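What follows is a short report on a single structure.
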Amino acid sequence: MSFTENVAAGSHGTPAGTFRHWLVLIVATLLTWQLGESRGGGLLTAIILGIAMIKGAVIAFDFMALRHAPLLWRCLLGGWLVLVCSLIGLAYWKGITP
Amino acid sequence: MTSHALPLPNSTEPRLAGDLAIWFFIMAELLAFAVFFAAYAFTRAAHVEEFNLAQQALNRNAGAINTLLLLTGSAFVVRAVQGALAGEARRAAPWMLAAIASGVTFLVVKMVEYSAAFDHGVSLSSSTFDMFYLSLTFFHFMHVILGLVILSVLWLGLRAGRYGPHNMNGLESGAAYWHMVDLLWLILFPLVYVIH
């Protein structure tokens, strides 16, 4: 059974789609890993948080199949992601402003 | 005949993948972790120099490898769910086993990382950063262990051919829990290991 075997699209997507999502997640992780080696700073923090938010959205909407869920649940999980990343961003902003 | 009241996984109607109860549980878990993440971030704001210095001692490579392992494990779980939905639960079972292997490797990498950290004197009382690092990652570590127990049950169910297009609830609920464990790590890794 190959990973990208042809399976009809249900609410959990197709194997080929899952493979593409996985690839995006892996590339994003390698990017974050690389960015961790640099000196840091506000812009870098914003970029890393942005990448984390995109990765989280792929997990929630595609892997957890929330793309096909009622609006309330999409808002709850999406809202959690935005809230957590905003709070972290706010705290870091607080840390770099005297 | 309540089973007809809910849309099936192949329908185009909006539906939540898995039991409603597991989603309440997931939201409760996500909110608990959100409080811990915010506590870390705002404590750091008051001790930036100290946190940045202590963070340099962390094994960022181990953290990144563990991210790759969890993401790959999650993709395997999705693949197992797709297989069951296509009516091929038994053939999909090896994907679940692959996901379990990814999770177990995560635990091994984490234990190697902890062991090295303990050798360097990291403890709950060695510094504020270390306290956060250990409690956040260990709290998550315990979730990975529970997730692996759940995946093992699902693997046995797939092997027994228990899941299929008309019986996805248990499989989807367990899968959603595993993805939540992954989702939490996707925030935890940049927060504790990377951002400085």
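Order determines the names: the first chain of the structure tokens is A, the second B, and so forth; residues in each chain are numbered 1 upward, and ligands are numbered 1 upward as they are shown.
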Counting only C-alpha atoms, which residues of chain A sit at most 9 Å from some atom of segment 18-33 of chain B, and what is each one's closest atom pair with its distance in Å to one decimal, listed by chain and rising residue number, as a tab-separated table?
residue	atom	partner	partner_atom	distance
A:Trp73	CA	B:Trp23	CA	8.7
A:Leu76	CA	B:Met27	CA	8.0
A:Leu77	CA	B:Met27	CA	7.7
A:Trp80	CA	B:Leu30	CA	7.6
Compile the residues of chain A that lie within 7 Å of chain B, evaluated using only C-alpha atoms, and express the compilation as a ChimeraX atom specification. /A:7,10-12,15,18,22,26,33,36,40-41,45,52,56,59,63-66,68-70,84,87-88,91-92,94-95
Please measure the separation of atom CA of Met142 of chain B and atom CA of Leu70 of chain B, giving the value in Å to one decimal. 14.2 Å
Taking 5 positions as the minimum chain separation for residues in the same chain, which residues sit within 10 Å of segment 116-122 of chain B when counting only C-alpha atoms? Answer as a ChimeraX atom specification. /B:54,57-59,110-111,127,129-131,133-134
Filtering to N, CA, C and O atoms, could you give me those residues as a short mmCIF file (atom, residue, chain, number, x, y, z; two decimals), in the first residue's frame?
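Saved as result-v7.cif:
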data_model
loop_
_atom_site.label_atom_id
_atom_site.label_comp_id
_atom_site.auth_asym_id
_atom_site.auth_seq_id
_atom_site.Cartn_x
_atom_site.Cartn_y
_atom_site.Cartn_z
N ALA B 54 19.56 30.61 29.11
CA ALA B 54 19.22 29.22 29.46
C ALA B 54 18.75 28.43 28.24
O ALA B 54 19.04 27.24 28.10
N ALA B 57 21.20 26.39 26.09
CA ALA B 57 21.66 25.08 26.56
C ALA B 57 20.75 23.95 26.07
O ALA B 57 21.11 22.78 26.16
N LEU B 58 19.57 24.32 25.53
CA LEU B 58 18.64 23.28 25.07
C LEU B 58 19.15 22.62 23.79
O LEU B 58 19.85 23.23 23.01
N ASN B 59 18.76 21.36 23.61
CA ASN B 59 19.13 20.64 22.40
C ASN B 59 18.05 20.91 21.34
O ASN B 59 17.06 20.21 21.25
N LYS B 110 13.21 12.24 23.36
CA LYS B 110 12.94 13.12 24.51
C LYS B 110 13.69 12.61 25.76
O LYS B 110 14.23 13.40 26.54
N MET B 111 13.70 11.29 25.94
CA MET B 111 14.38 10.75 27.13
C MET B 111 15.89 10.96 27.05
O MET B 111 16.52 11.26 28.07
N SER B 127 16.35 26.78 37.65
CA SER B 127 16.07 28.15 37.21
C SER B 127 14.61 28.23 36.79
O SER B 127 13.96 27.20 36.59
N PHE B 129 13.49 29.27 33.92
CA PHE B 129 13.39 28.71 32.57
C PHE B 129 13.34 27.19 32.62
O PHE B 129 12.49 26.56 31.97
N ASP B 130 14.25 26.60 33.39
CA ASP B 130 14.30 25.13 33.48
C ASP B 130 12.99 24.56 34.03
O ASP B 130 12.51 23.52 33.59
N MET B 131 12.41 25.28 35.00
CA MET B 131 11.13 24.83 35.57
C MET B 131 10.06 24.78 34.48
O MET B 131 9.35 23.79 34.33
N TYR B 133 10.63 24.72 31.16
CA TYR B 133 11.05 23.75 30.13
C TYR B 133 10.64 22.34 30.54
O TYR B 133 10.01 21.61 29.77
N LEU B 134 10.97 21.97 31.79
CA LEU B 134 10.67 20.60 32.24
C LEU B 134 9.17 20.37 32.38
O LEU B 134 8.64 19.36 31.92
#
Skipping near chain neighbours, those fewer than 3 positions away, what residues fall within 9 Å of segment 153-161 of chain B using only C-alpha atoms, listed as JSON, numbers by chain? {"B": [80, 84, 87, 88, 89, 90, 91, 92, 93, 94, 95, 96, 97, 100, 148, 149, 150, 164, 170, 171, 174, 175]}
Where in chain A does DSSP assign alpha helix (DSSP H), given as a ChimeraX atom specification? /A:15-35,42-57,71-96
I need the residue nearest Ala28 of chain A from this list: A:Ala16, A:Leu44, A:Ile51, A:Cys85. Use only C-alpha atoms for the distance.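 Selected residue with least distance to Ala28 of chain A: A:Ile51.
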